[in-house]
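J.: Shown below is the structure under consideration.
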Amino acid sequence: MTMTSSQVARKASLDLYRAVWRWHFYAGLFVLPFLITLSLTGALYLFDDELDALIHSDLKRVEAQQDLQPPATLVSAALQAHPGTAVKYTSPTTPESSAEITVNALSGERLAVYVNPYTANVLGSLDDRGTVMWTVRYLHSFKFFGQTPRKLIEMAAGWSILLVATGIYLWWPRKGSGGVVRVRGKPKSRVFWRDLHAVLGIFVGGFIVFLAITGMPWSGVWGAQVNEWANGNNFGYPSGVRVEVPMSDAYLSDQGSTSWSLEQAQVPESTPPDMPTPRIGLNNAVSELEALGLQQGYTVNLPTTAAGVYTGSIYPDDLSQQRVVHLDQYSGKPLIDMRYADYGPLGRWLEFGINVHLGQEFGLINQLVLLAVCIAIIVMCVAAGVMWWKRRPSGGMGVPPLPTDKRVFRGLIAMLVIGGVLFPLVGASLLVMLIIDWLIVQPLQERRPARQG
(Lines give C-alpha, C1' and ligand atoms only; values in the text may rest on other atoms or scores of the structure.)
Protein backbone atom coordinates (compact mmCIF):
# COMPACT_ATOMS: atom_id res chain seq x y z
CA MET A 1 0.00 0.00 0.00
CA THR A 2 1.45 3.31 -1.12
CA MET A 3 1.59 6.03 1.55
CA THR A 4 0.45 9.54 0.81
CA SER A 5 2.90 12.40 0.99
CA SER A 6 1.47 13.50 4.34
CA GLN A 7 1.87 9.97 5.71
CA VAL A 8 5.47 9.87 4.48
CA ALA A 9 6.13 13.22 6.14
CA ARG A 10 4.58 12.06 9.44
CA LYS A 11 6.59 8.84 9.35
CA ALA A 12 9.81 10.75 8.67
CA SER A 13 9.01 13.17 11.48
CA LEU A 14 8.31 10.30 13.89
CA ASP A 15 11.52 8.53 12.92
CA LEU A 16 13.54 11.69 13.49
CA TYR A 17 11.81 12.28 16.83
CA ARG A 18 12.61 8.72 17.94
CA ALA A 19 16.26 9.03 16.90
CA VAL A 20 16.66 12.34 18.75
CA TRP A 21 14.80 11.00 21.79
CA ARG A 22 17.04 7.91 21.82
CA TRP A 23 20.22 9.96 21.89
CA HIS A 24 18.80 12.41 24.38
CA PHE A 25 18.23 9.39 26.61
CA TYR A 26 21.82 8.17 26.12
CA ALA A 27 23.23 11.65 26.76
CA GLY A 28 21.19 11.92 29.94
CA LEU A 29 22.22 8.44 31.08
CA PHE A 30 25.86 9.50 30.86
CA VAL A 31 25.63 13.15 31.89
CA LEU A 32 23.02 13.37 34.66
CA PRO A 33 25.26 12.00 37.46
CA PHE A 34 27.94 14.51 36.44
CA LEU A 35 25.46 17.38 36.22
CA ILE A 36 24.23 16.70 39.74
CA THR A 37 27.77 16.42 41.15
CA LEU A 38 29.03 19.50 39.29
CA SER A 39 25.97 21.52 40.29
CA LEU A 40 26.30 20.64 43.97
CA THR A 41 30.02 21.38 44.17
CA GLY A 42 29.72 24.37 41.83
CA ALA A 43 26.97 25.93 43.93
CA LEU A 44 29.21 25.70 46.99
CA TYR A 45 32.31 27.00 45.21
CA LEU A 46 30.47 30.12 44.02
CA PHE A 47 30.85 31.30 47.62
CA ASP A 48 34.37 29.98 48.23
CA ASP A 49 35.79 33.10 49.87
CA GLU A 50 32.74 33.61 52.07
CA LEU A 51 32.54 29.96 53.18
CA ASP A 52 36.27 29.57 53.81
CA ALA A 53 36.31 32.76 55.87
CA LEU A 54 33.44 31.34 57.94
CA ILE A 55 34.66 27.76 58.26
CA HIS A 56 38.30 28.70 58.93
CA SER A 57 37.62 31.93 60.80
CA ASP A 58 40.12 30.97 63.53
CA LEU A 59 42.87 30.98 60.89
CA LYS A 60 41.73 33.57 58.40
CA ARG A 61 40.13 36.31 60.50
CA VAL A 62 41.89 38.79 62.82
CA GLU A 63 40.99 42.02 64.58
CA ALA A 64 42.07 45.04 62.57
CA GLN A 65 44.77 47.14 64.24
CA GLN A 66 46.90 50.12 63.35
CA ASP A 67 50.30 48.95 62.14
CA LEU A 68 51.22 45.91 60.03
CA GLN A 69 54.37 43.90 60.70
CA PRO A 70 56.88 43.68 57.81
CA PRO A 71 56.34 40.64 55.55
CA ALA A 72 59.78 39.22 56.42
CA THR A 73 58.84 39.25 60.11
CA LEU A 74 55.68 37.26 59.35
CA VAL A 75 57.68 34.74 57.34
CA SER A 76 60.19 34.37 60.18
CA ALA A 77 57.34 33.72 62.64
CA ALA A 78 55.90 31.03 60.35
CA LEU A 79 59.29 29.34 59.99
CA GLN A 80 59.89 29.42 63.73
CA ALA A 81 56.63 27.54 64.24
CA HIS A 82 57.17 25.22 61.25
CA PRO A 83 60.87 24.97 60.30
CA GLY A 84 61.58 24.58 56.61
CA THR A 85 61.73 26.79 53.51
CA ALA A 86 59.26 29.58 52.86
CA VAL A 87 58.18 29.56 49.21
CA LYS A 88 55.22 31.93 49.13
CA TYR A 89 53.86 34.96 50.97
CA THR A 90 50.20 36.02 50.54
CA SER A 91 49.29 39.46 51.84
CA PRO A 92 46.08 40.08 53.82
CA THR A 93 43.15 40.72 51.48
CA THR A 94 41.34 42.99 53.95
CA PRO A 95 42.27 44.68 57.28
CA GLU A 96 40.52 41.74 59.02
CA SER A 97 42.41 39.03 57.10
CA SER A 98 45.46 37.04 58.18
CA ALA A 99 48.61 36.65 56.12
CA GLU A 100 49.36 33.23 54.65
CA ILE A 101 52.87 31.81 54.39
CA THR A 102 53.45 28.65 52.33
CA VAL A 103 56.24 26.53 53.82
CA ASN A 104 57.98 23.42 52.59
CA ALA A 105 58.43 21.98 56.07
CA LEU A 106 61.40 19.87 57.11
CA SER A 107 58.91 17.11 57.92
CA GLY A 108 58.18 16.85 54.18
CA GLU A 109 54.78 18.54 54.31
CA ARG A 110 53.78 21.61 52.33
CA LEU A 111 51.88 23.83 54.74
CA ALA A 112 49.82 26.99 54.63
CA VAL A 113 50.72 28.85 57.84
CA TYR A 114 48.38 31.64 58.93
CA VAL A 115 49.90 34.61 60.78
CA ASN A 116 48.34 37.66 62.40
CA PRO A 117 49.78 40.53 60.30
CA TYR A 118 49.63 42.97 63.23
CA THR A 119 51.23 40.86 65.98
CA ALA A 120 53.11 38.17 63.99
CA ASN A 121 51.40 35.51 66.12
CA VAL A 122 51.00 32.21 64.31
CA LEU A 123 47.30 31.33 64.25
CA GLY A 124 47.71 27.78 62.98
CA SER A 125 48.33 25.83 59.79
CA LEU A 126 46.71 23.55 57.25
CA ASP A 127 48.05 21.43 54.44
CA ASP A 128 48.65 23.68 51.45
CA ARG A 129 45.31 23.94 49.63
CA GLY A 130 43.81 22.12 52.57
CA THR A 131 40.82 24.37 53.14
CA VAL A 132 37.29 23.03 52.74
CA MET A 133 36.72 25.01 49.56
CA TRP A 134 39.91 23.70 47.94
CA THR A 135 38.49 20.23 48.63
CA VAL A 136 35.21 21.27 46.98
CA ARG A 137 37.14 22.65 44.00
CA TYR A 138 39.05 19.39 43.57
CA LEU A 139 35.78 17.45 43.77
CA HIS A 140 34.24 19.77 41.19
CA SER A 141 37.09 19.20 38.74
CA PHE A 142 37.54 15.50 39.62
CA LYS A 143 41.17 16.35 40.38
CA PHE A 144 40.82 14.26 43.52
CA PHE A 145 40.64 11.14 41.39
CA GLY A 146 43.64 11.59 39.08
CA GLN A 147 44.06 12.52 35.43
CA THR A 148 42.10 9.66 33.85
CA PRO A 149 38.81 10.29 35.70
CA ARG A 150 39.20 14.02 34.98
CA LYS A 151 38.86 13.21 31.29
CA LEU A 152 35.29 12.14 32.03
CA ILE A 153 34.53 15.80 32.78
CA GLU A 154 35.61 16.75 29.26
CA MET A 155 33.37 14.03 27.82
CA ALA A 156 30.49 15.11 30.06
CA ALA A 157 30.81 18.70 28.85
CA GLY A 158 30.47 17.64 25.22
CA TRP A 159 27.59 15.30 25.98
CA SER A 160 25.89 18.11 27.91
CA ILE A 161 25.82 20.20 24.75
CA LEU A 162 24.31 17.21 22.90
CA LEU A 163 21.78 16.84 25.73
CA VAL A 164 20.68 20.47 25.39
CA ALA A 165 20.48 20.36 21.58
CA THR A 166 18.36 17.20 21.54
CA GLY A 167 16.30 18.47 24.47
CA ILE A 168 15.36 21.64 22.61
CA TYR A 169 14.17 19.55 19.65
CA LEU A 170 12.05 17.34 21.93
CA TRP A 171 10.65 20.38 23.78
CA TRP A 172 9.75 22.29 20.61
CA PRO A 173 5.97 22.90 20.64
CA ARG A 174 4.06 20.68 18.21
CA LYS A 175 0.57 20.36 19.68
CA GLY A 176 -0.73 22.82 22.26
CA SER A 177 1.28 24.59 24.96
CA GLY A 178 1.40 21.94 27.70
CA GLY A 179 4.92 21.33 28.94
CA VAL A 180 6.27 24.30 27.01
CA VAL A 181 6.28 27.02 29.66
CA ARG A 182 3.98 25.53 32.28
CA VAL A 183 3.88 22.28 34.21
CA ARG A 184 0.77 20.12 33.98
CA GLY A 185 -0.55 17.52 36.36
CA LYS A 186 0.45 16.63 39.89
CA PRO A 187 3.60 14.98 41.32
CA LYS A 188 1.93 11.54 41.21
CA SER A 189 1.69 11.68 37.41
CA ARG A 190 4.47 11.14 34.92
CA VAL A 191 3.41 14.18 32.88
CA PHE A 192 4.20 16.45 35.87
CA TRP A 193 7.80 15.24 35.96
CA ARG A 194 8.09 15.30 32.18
CA ASP A 195 6.90 18.93 32.04
CA LEU A 196 9.03 19.96 35.03
CA HIS A 197 12.08 18.47 33.31
CA ALA A 198 11.28 20.09 29.96
CA VAL A 199 10.37 23.54 31.27
CA LEU A 200 13.40 23.78 33.56
CA GLY A 201 15.59 22.42 30.78
CA ILE A 202 14.57 25.09 28.30
CA PHE A 203 15.23 27.85 30.84
CA VAL A 204 18.66 26.58 31.95
CA GLY A 205 19.79 24.95 28.68
CA GLY A 206 21.73 28.02 27.58
CA PHE A 207 23.44 28.19 30.94
CA ILE A 208 24.41 24.48 30.69
CA VAL A 209 26.01 25.09 27.30
CA PHE A 210 27.81 28.19 28.59
CA LEU A 211 29.12 26.39 31.69
CA ALA A 212 30.19 23.39 29.59
CA ILE A 213 32.13 25.56 27.13
CA THR A 214 33.72 27.79 29.78
CA GLY A 215 34.65 24.71 31.81
CA MET A 216 36.45 23.15 28.84
CA PRO A 217 39.64 25.25 29.25
CA TRP A 218 40.41 23.29 32.43
CA SER A 219 40.08 19.92 30.70
CA GLY A 220 43.13 17.72 30.36
CA VAL A 221 43.10 17.08 26.60
CA TRP A 222 41.17 19.80 24.78
CA GLY A 223 42.02 22.52 27.31
CA ALA A 224 45.73 21.74 27.31
CA GLN A 225 45.89 21.71 23.50
CA VAL A 226 44.01 24.99 23.11
CA ASN A 227 46.09 26.57 25.88
CA GLU A 228 49.31 25.72 24.09
CA TRP A 229 47.95 26.94 20.77
CA ALA A 230 46.52 30.16 22.21
CA ASN A 231 49.72 31.12 23.95
CA GLY A 232 51.83 30.72 20.83
CA ASN A 233 55.55 30.13 20.91
CA ASN A 234 56.72 33.13 22.92
CA PHE A 235 57.59 31.17 26.07
CA GLY A 236 53.90 30.64 26.62
CA TYR A 237 53.08 34.32 27.11
CA PRO A 238 50.05 35.72 25.26
CA SER A 239 50.60 37.18 21.82
CA GLY A 240 51.73 40.78 21.68
CA VAL A 241 54.10 40.47 24.63
CA ARG A 242 57.78 40.19 23.77
CA VAL A 243 60.39 39.69 26.45
CA GLU A 244 64.13 39.92 26.12
CA VAL A 245 65.12 38.36 29.44
CA PRO A 246 66.55 34.96 30.33
CA MET A 247 63.90 32.28 30.94
CA SER A 248 64.04 29.31 33.29
CA ASP A 249 62.54 25.89 32.67
CA ALA A 250 59.88 26.47 35.36
CA TYR A 251 56.29 27.34 34.49
CA LEU A 252 54.13 29.80 36.37
CA SER A 253 51.56 27.07 37.00
CA ASP A 254 54.25 25.04 38.82
CA GLN A 255 54.32 27.69 41.55
CA GLY A 256 50.60 27.65 42.27
CA SER A 257 47.26 28.78 40.91
CA THR A 258 47.43 31.12 37.95
CA SER A 259 45.12 32.30 35.19
CA TRP A 260 44.35 29.92 32.33
CA SER A 261 46.15 32.15 29.83
CA LEU A 262 49.41 32.02 31.81
CA GLU A 263 49.59 28.31 32.60
CA GLN A 264 52.22 27.84 29.86
CA ALA A 265 54.16 30.96 30.83
CA GLN A 266 57.76 30.29 31.78
CA VAL A 267 59.27 32.10 34.74
CA PRO A 268 62.20 34.44 33.95
CA GLU A 269 65.55 34.27 35.71
CA SER A 270 67.44 36.82 37.77
CA THR A 271 70.95 37.59 36.54
CA PRO A 272 73.47 37.12 39.36
CA PRO A 273 75.93 40.04 39.32
CA ASP A 274 79.65 39.52 38.78
CA MET A 275 80.44 40.98 42.19
CA PRO A 276 78.76 39.71 45.38
CA THR A 277 75.59 41.76 45.77
CA PRO A 278 72.97 41.48 48.50
CA ARG A 279 69.50 40.39 47.49
CA ILE A 280 66.74 42.96 47.85
CA GLY A 281 64.81 40.80 50.34
CA LEU A 282 61.09 40.23 50.72
CA ASN A 283 60.31 43.58 52.36
CA ASN A 284 61.81 45.54 49.49
CA ALA A 285 60.21 43.24 46.92
CA VAL A 286 56.78 43.81 48.51
CA SER A 287 57.38 47.58 48.58
CA GLU A 288 58.24 47.51 44.87
CA LEU A 289 55.18 45.40 43.98
CA GLU A 290 52.85 47.66 45.94
CA ALA A 291 54.42 50.73 44.31
CA LEU A 292 53.62 49.11 40.95
CA GLY A 293 49.97 48.93 42.01
CA LEU A 294 49.25 45.30 42.94
CA GLN A 295 46.04 45.03 44.96
CA GLN A 296 46.08 43.64 48.48
CA GLY A 297 45.64 39.90 48.58
CA TYR A 298 48.51 39.42 46.15
CA THR A 299 50.85 36.45 46.39
CA VAL A 300 54.65 36.64 46.22
CA ASN A 301 56.55 33.52 45.21
CA LEU A 302 59.98 33.65 46.83
CA PRO A 303 63.22 32.81 45.01
CA THR A 304 64.76 29.54 46.17
CA THR A 305 67.84 29.57 43.88
CA ALA A 306 70.48 32.11 42.87
CA ALA A 307 68.66 32.66 39.56
CA GLY A 308 65.16 32.77 41.06
CA VAL A 309 62.85 35.77 40.98
CA TYR A 310 60.20 37.36 43.17
CA THR A 311 56.90 36.74 41.40
CA GLY A 312 54.01 38.90 42.53
CA SER A 313 50.57 37.88 41.26
CA ILE A 314 46.95 38.80 41.86
CA TYR A 315 43.85 37.26 40.28
CA PRO A 316 40.95 39.30 41.73
CA ASP A 317 37.30 39.21 40.71
CA ASP A 318 37.92 42.32 38.61
CA LEU A 319 39.70 40.97 35.52
CA SER A 320 41.19 44.36 34.67
CA GLN A 321 43.26 44.14 37.88
CA GLN A 322 44.65 40.69 37.09
CA ARG A 323 48.43 40.97 37.05
CA VAL A 324 51.74 39.09 37.29
CA VAL A 325 55.06 40.84 37.92
CA HIS A 326 58.48 39.16 38.07
CA LEU A 327 61.26 41.05 39.91
CA ASP A 328 65.01 40.44 39.69
CA GLN A 329 66.01 39.37 43.20
CA TYR A 330 69.22 41.46 43.10
CA SER A 331 68.18 44.73 41.48
CA GLY A 332 64.43 44.68 42.14
CA LYS A 333 63.93 45.55 38.47
CA PRO A 334 60.66 44.30 36.93
CA LEU A 335 61.57 41.68 34.33
CA ILE A 336 58.02 41.04 33.12
CA ASP A 337 54.85 42.93 34.01
CA MET A 338 51.83 41.08 32.66
CA ARG A 339 48.27 42.44 32.80
CA TYR A 340 44.91 41.15 31.57
CA ALA A 341 45.03 43.73 28.76
CA ASP A 342 48.19 42.04 27.44
CA TYR A 343 46.43 38.73 26.79
CA GLY A 344 45.55 37.85 23.23
CA PRO A 345 41.90 38.10 22.05
CA LEU A 346 41.20 34.41 22.69
CA GLY A 347 42.81 34.59 26.12
CA ARG A 348 40.73 37.62 27.10
CA TRP A 349 37.47 36.01 25.98
CA LEU A 350 38.24 32.74 27.71
CA GLU A 351 39.30 34.48 30.91
CA PHE A 352 36.05 36.47 30.84
CA GLY A 353 34.05 33.27 30.41
CA ILE A 354 35.97 31.54 33.19
CA ASN A 355 35.41 34.52 35.49
CA VAL A 356 31.65 34.38 34.89
CA HIS A 357 31.74 30.59 35.35
CA LEU A 358 33.31 31.12 38.78
CA GLY A 359 30.64 33.66 39.74
CA GLN A 360 33.13 36.52 39.97
CA GLU A 361 32.60 38.84 37.02
CA PHE A 362 29.37 40.55 38.09
CA GLY A 363 29.60 40.27 41.86
CA LEU A 364 26.74 38.99 43.99
CA ILE A 365 24.24 38.93 41.12
CA ASN A 366 26.60 36.58 39.24
CA GLN A 367 26.73 34.27 42.26
CA LEU A 368 22.97 34.27 42.84
CA VAL A 369 22.05 33.66 39.20
CA LEU A 370 24.42 30.71 38.94
CA LEU A 371 23.22 29.39 42.30
CA ALA A 372 19.67 29.40 40.94
CA VAL A 373 20.91 27.66 37.78
CA CYS A 374 22.67 24.95 39.82
CA ILE A 375 19.52 24.30 41.86
CA ALA A 376 17.39 24.18 38.70
CA ILE A 377 19.79 21.70 37.08
CA ILE A 378 19.62 19.40 40.10
CA VAL A 379 15.80 19.51 40.13
CA MET A 380 15.74 18.94 36.35
CA CYS A 381 17.98 15.87 36.73
CA VAL A 382 15.84 14.48 39.55
CA ALA A 383 12.74 15.03 37.40
CA ALA A 384 14.40 13.13 34.54
CA GLY A 385 15.12 10.20 36.85
CA VAL A 386 11.56 10.08 38.20
CA MET A 387 10.13 10.42 34.69
CA TRP A 388 12.28 7.54 33.44
CA TRP A 389 11.37 5.37 36.42
CA LYS A 390 7.66 5.86 35.80
CA ARG A 391 8.02 5.10 32.08
CA ARG A 392 10.46 2.20 32.04
CA PRO A 393 9.08 -1.29 31.37
CA SER A 394 9.37 -3.95 34.06
CA GLY A 395 12.82 -5.54 33.89
CA GLY A 396 14.06 -3.20 31.14
CA MET A 397 16.09 -0.03 30.73
CA GLY A 398 13.38 1.85 28.92
CA VAL A 399 15.58 2.91 26.00
CA PRO A 400 13.37 4.92 23.60
CA PRO A 401 12.15 2.94 20.56
CA LEU A 402 14.13 2.63 17.36
CA PRO A 403 13.05 4.60 14.30
CA THR A 404 11.66 2.40 11.54
CA ASP A 405 14.06 3.95 9.05
CA LYS A 406 17.54 3.80 10.53
CA ARG A 407 18.91 6.14 7.88
CA VAL A 408 17.96 8.98 10.20
CA PHE A 409 21.06 8.03 12.21
CA ARG A 410 23.22 9.47 9.43
CA GLY A 411 23.00 12.81 11.17
CA LEU A 412 24.60 11.21 14.21
CA ILE A 413 27.55 10.08 12.10
CA ALA A 414 28.07 13.67 10.94
CA MET A 415 27.86 14.86 14.55
CA LEU A 416 30.37 12.16 15.50
CA VAL A 417 32.85 13.44 12.92
CA ILE A 418 32.41 17.07 13.98
CA GLY A 419 32.65 16.19 17.68
CA GLY A 420 35.71 14.04 17.06
CA VAL A 421 37.53 16.88 15.31
CA LEU A 422 36.66 19.59 17.84
CA PHE A 423 36.68 17.48 21.02
CA PRO A 424 38.58 14.18 20.55
CA LEU A 425 37.44 12.60 23.83
CA VAL A 426 33.80 13.47 23.14
CA GLY A 427 34.05 12.00 19.66
CA ALA A 428 35.63 8.83 21.04
CA SER A 429 32.89 8.42 23.65
CA LEU A 430 30.19 8.96 21.00
CA LEU A 431 31.80 6.24 18.89
CA VAL A 432 31.80 3.84 21.83
CA MET A 433 28.15 4.58 22.57
CA LEU A 434 27.25 4.16 18.91
CA ILE A 435 28.90 0.73 18.82
CA ILE A 436 27.12 -0.34 22.02
CA ASP A 437 23.80 0.82 20.59
CA TRP A 438 24.30 -1.02 17.30
CA LEU A 439 25.73 -4.27 18.66
CA ILE A 440 23.90 -4.69 21.96
CA VAL A 441 20.90 -2.42 22.53
CA GLN A 442 19.33 -2.52 19.06
CA PRO A 443 19.39 -6.34 18.73
CA LEU A 444 17.80 -6.67 22.19
CA GLN A 445 15.07 -4.18 21.28
CA GLU A 446 14.36 -5.93 17.98
CA ARG A 447 13.84 -9.18 19.86
CA ARG A 448 11.74 -7.47 22.53
CA PRO A 449 9.94 -4.36 21.28
CA ALA A 450 10.34 -1.39 23.62
CA ARG A 451 7.35 0.11 25.34
CA GLN A 452 6.09 3.02 23.30
CA GLY A 453 5.42 6.59 24.51
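Please note that chains go A, B, ... in the order of the C-alpha coordinates, that every chain numbers its residues from 1, and that ligands are numbered from 1 in the order shown.
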Apply DSSP to the backbone of this structure and, from range 108-297 of chain A, keep only the residues in alpha helix (DSSP H); write these as a PyMOL selection string.
T.: chain A and resi 132-141+147-171+190-215+222-231+281-291
J.: Skipping near chain neighbours, those fewer than 4 positions away, what residues fall within 12 Å of Gly332 in chain A using only C-alpha atoms, listed as a list in words?
T.: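 So, after excluding close chain neighbours, the residues are Ser270, Thr271, Pro278, Arg279, Ile280, Gly281, Leu282, Asn283, Asn284, Ala285, Val286, Ser287, Glu288, Leu289, Ala291, Leu292, Gly308, Val309, Tyr310, Thr311, Gly312, Val325, His326, Leu327, Asp328 and Ile336 of chain A.
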J.: Near range 377-383 of chain A, within 8 Å and counting only C-alpha atoms, which residues show up once chain neighbours fewer than 3 positions away are dropped, as a list of chain:residue names?
T.: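 These residues fall inside the cut-off: A:Leu32, A:Leu35, A:Ile36, A:Ser39, A:Leu40, A:Trp193, A:Arg194, A:Leu196, A:His197, A:Ala198, A:Leu200, A:Gly201, A:Val204, A:Val373, A:Cys374, A:Val386, A:Met387.
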J.: State, in Å with one decimal place, the distance from CA of Ser219 in chain A to CA of Asn355 in chain A.
T.: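 So the answer is 16.1 Å.
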J.: List the neighbours of Ile202 in chain A out to 8 Å using only C-alpha atoms; skip same-chain residues closer than 5 positions along the sequence, and give me the result as a list in words.
T.: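 Listing them by chain and then by number gives Gly167, Ile168 and Trp171 of chain A.
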J.: Identify which of the residues A:Ile418, A:Thr166, A:Asp254, A:Glu290 lies closest to Arg18 in chain A, counting only C-alpha atoms when measuring atom-to-atom distances.
T.: A:Thr166
J.: Using only C-alpha atoms, which residue out of A:Ile413, A:Val87, A:Val103, A:Val181 lies closest to Ile435 in chain A?
T.: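 Among A:Ile413, A:Val87, A:Val103, A:Val181, it is A:Ile413 that comes nearest to Ile435 in chain A.
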J.: Enumerate, as a list of chain:residue names, the complete set of residues in range 37-220 of chain A that a backbone-based DSSP assignment places in strand (DSSP E).
T.: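 These are the residues in question: A:Gly84, A:Thr85, A:Ala86, A:Val87, A:Lys88, A:Tyr89, A:Thr90, A:Ala99, A:Glu100, A:Ile101, A:Thr102, A:Val103, A:Asn104, A:Ala105, A:Arg110, A:Leu111, A:Ala112, A:Val113, A:Tyr114, A:Val115, A:Val122, A:Leu123, A:Gly124, A:Ser125, A:Leu126, A:Asp127.
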J.: Can I get the selected residues back with N, CA, C and O atoms, as a short mmCIF file (atom, residue, chain, number, x, y, z; two decimals), in the first residue's frame?
T.:
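This went into selection.cif:
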data_model
loop_
_atom_site.label_atom_id
_atom_site.label_comp_id
_atom_site.auth_asym_id
_atom_site.auth_seq_id
_atom_site.Cartn_x
_atom_site.Cartn_y
_atom_site.Cartn_z
N GLY A 84 61.52 25.04 57.99
CA GLY A 84 61.58 24.58 56.61
C GLY A 84 61.96 25.73 55.71
O GLY A 84 62.70 26.64 56.11
N THR A 85 61.44 25.74 54.49
CA THR A 85 61.73 26.79 53.51
C THR A 85 60.44 27.48 53.13
O THR A 85 59.48 26.83 52.70
N ALA A 86 60.43 28.80 53.29
CA ALA A 86 59.26 29.58 52.86
C ALA A 86 59.32 29.76 51.35
O ALA A 86 60.35 30.16 50.80
N VAL A 87 58.21 29.46 50.67
CA VAL A 87 58.18 29.56 49.21
C VAL A 87 57.15 30.57 48.71
O VAL A 87 57.19 30.96 47.54
N LYS A 88 56.26 31.02 49.60
CA LYS A 88 55.22 31.93 49.13
C LYS A 88 54.70 32.77 50.30
O LYS A 88 54.52 32.27 51.41
N TYR A 89 54.46 34.04 50.00
CA TYR A 89 53.86 34.96 50.97
C TYR A 89 52.59 35.54 50.33
O TYR A 89 52.63 36.06 49.21
N THR A 90 51.45 35.45 51.03
CA THR A 90 50.20 36.02 50.54
C THR A 90 49.75 37.11 51.50
O THR A 90 49.55 36.86 52.70
N ALA A 99 47.65 36.91 57.19
CA ALA A 99 48.61 36.65 56.12
C ALA A 99 48.82 35.14 56.03
O ALA A 99 48.68 34.43 57.02
N GLU A 100 49.15 34.66 54.85
CA GLU A 100 49.36 33.23 54.65
C GLU A 100 50.77 32.99 54.11
O GLU A 100 51.17 33.59 53.10
N ILE A 101 51.51 32.14 54.79
CA ILE A 101 52.87 31.81 54.39
C ILE A 101 52.90 30.34 53.99
O ILE A 101 52.51 29.47 54.79
N THR A 102 53.34 30.05 52.78
CA THR A 102 53.45 28.65 52.33
C THR A 102 54.86 28.17 52.62
O THR A 102 55.85 28.80 52.22
N VAL A 103 54.95 27.05 53.34
CA VAL A 103 56.24 26.53 53.82
C VAL A 103 56.42 25.09 53.37
O VAL A 103 55.51 24.25 53.55
N ASN A 104 57.57 24.81 52.79
CA ASN A 104 57.98 23.42 52.59
C ASN A 104 58.67 22.98 53.87
O ASN A 104 59.85 23.28 54.10
N ALA A 105 57.93 22.31 54.74
CA ALA A 105 58.43 21.98 56.07
C ALA A 105 59.48 20.87 56.01
O ALA A 105 59.51 20.06 55.09
N ARG A 110 53.90 20.25 52.87
CA ARG A 110 53.78 21.61 52.33
C ARG A 110 52.61 22.24 53.05
O ARG A 110 51.46 21.78 52.91
N LEU A 111 52.87 23.27 53.84
CA LEU A 111 51.88 23.83 54.74
C LEU A 111 51.51 25.26 54.37
O LEU A 111 52.34 26.02 53.86
N ALA A 112 50.27 25.60 54.66
CA ALA A 112 49.82 26.99 54.63
C ALA A 112 49.75 27.45 56.08
O ALA A 112 48.94 26.94 56.86
N VAL A 113 50.63 28.38 56.46
CA VAL A 113 50.72 28.85 57.84
C VAL A 113 50.08 30.23 57.91
O VAL A 113 50.43 31.13 57.14
N TYR A 114 49.12 30.39 58.81
CA TYR A 114 48.38 31.64 58.93
C TYR A 114 48.93 32.46 60.10
O TYR A 114 49.08 31.94 61.21
N VAL A 115 49.23 33.74 59.81
CA VAL A 115 49.90 34.61 60.78
C VAL A 115 49.13 35.92 60.91
O VAL A 115 48.69 36.50 59.91
N VAL A 122 51.43 33.28 65.21
CA VAL A 122 51.00 32.21 64.31
C VAL A 122 49.65 31.68 64.79
O VAL A 122 49.50 31.24 65.93
N LEU A 123 48.66 31.72 63.90
CA LEU A 123 47.30 31.33 64.25
C LEU A 123 47.06 29.84 64.06
O LEU A 123 46.14 29.27 64.67
N GLY A 124 47.87 29.20 63.24
CA GLY A 124 47.71 27.78 62.98
C GLY A 124 48.12 27.46 61.55
O GLY A 124 48.62 28.34 60.82
N SER A 125 47.92 26.24 61.14
CA SER A 125 48.33 25.83 59.79
C SER A 125 47.40 24.75 59.26
O SER A 125 46.70 24.06 60.01
N LEU A 126 47.41 24.62 57.96
CA LEU A 126 46.71 23.55 57.25
C LEU A 126 47.65 23.02 56.18
O LEU A 126 48.64 23.66 55.82
N ASP A 127 47.35 21.85 55.64
CA ASP A 127 48.05 21.43 54.44
C ASP A 127 47.82 22.47 53.35
O ASP A 127 46.74 23.07 53.27
#
J.: Looking at A:Ser189, A:Ser429, A:Gln442, A:Asn227, which one is nearest to Ala157 in chain A, with distances taken over only C-alpha atoms?
T.: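 Of all the options, A:Ser429 lies closest to Ala157 in chain A.
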J.: Could you check which of A:Leu371, A:Leu54, A:Ala341, A:Val164 is closest to Phe203 in chain A, using only C-alpha atoms?
T.: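 The closest residue to Phe203 in chain A is A:Val164.
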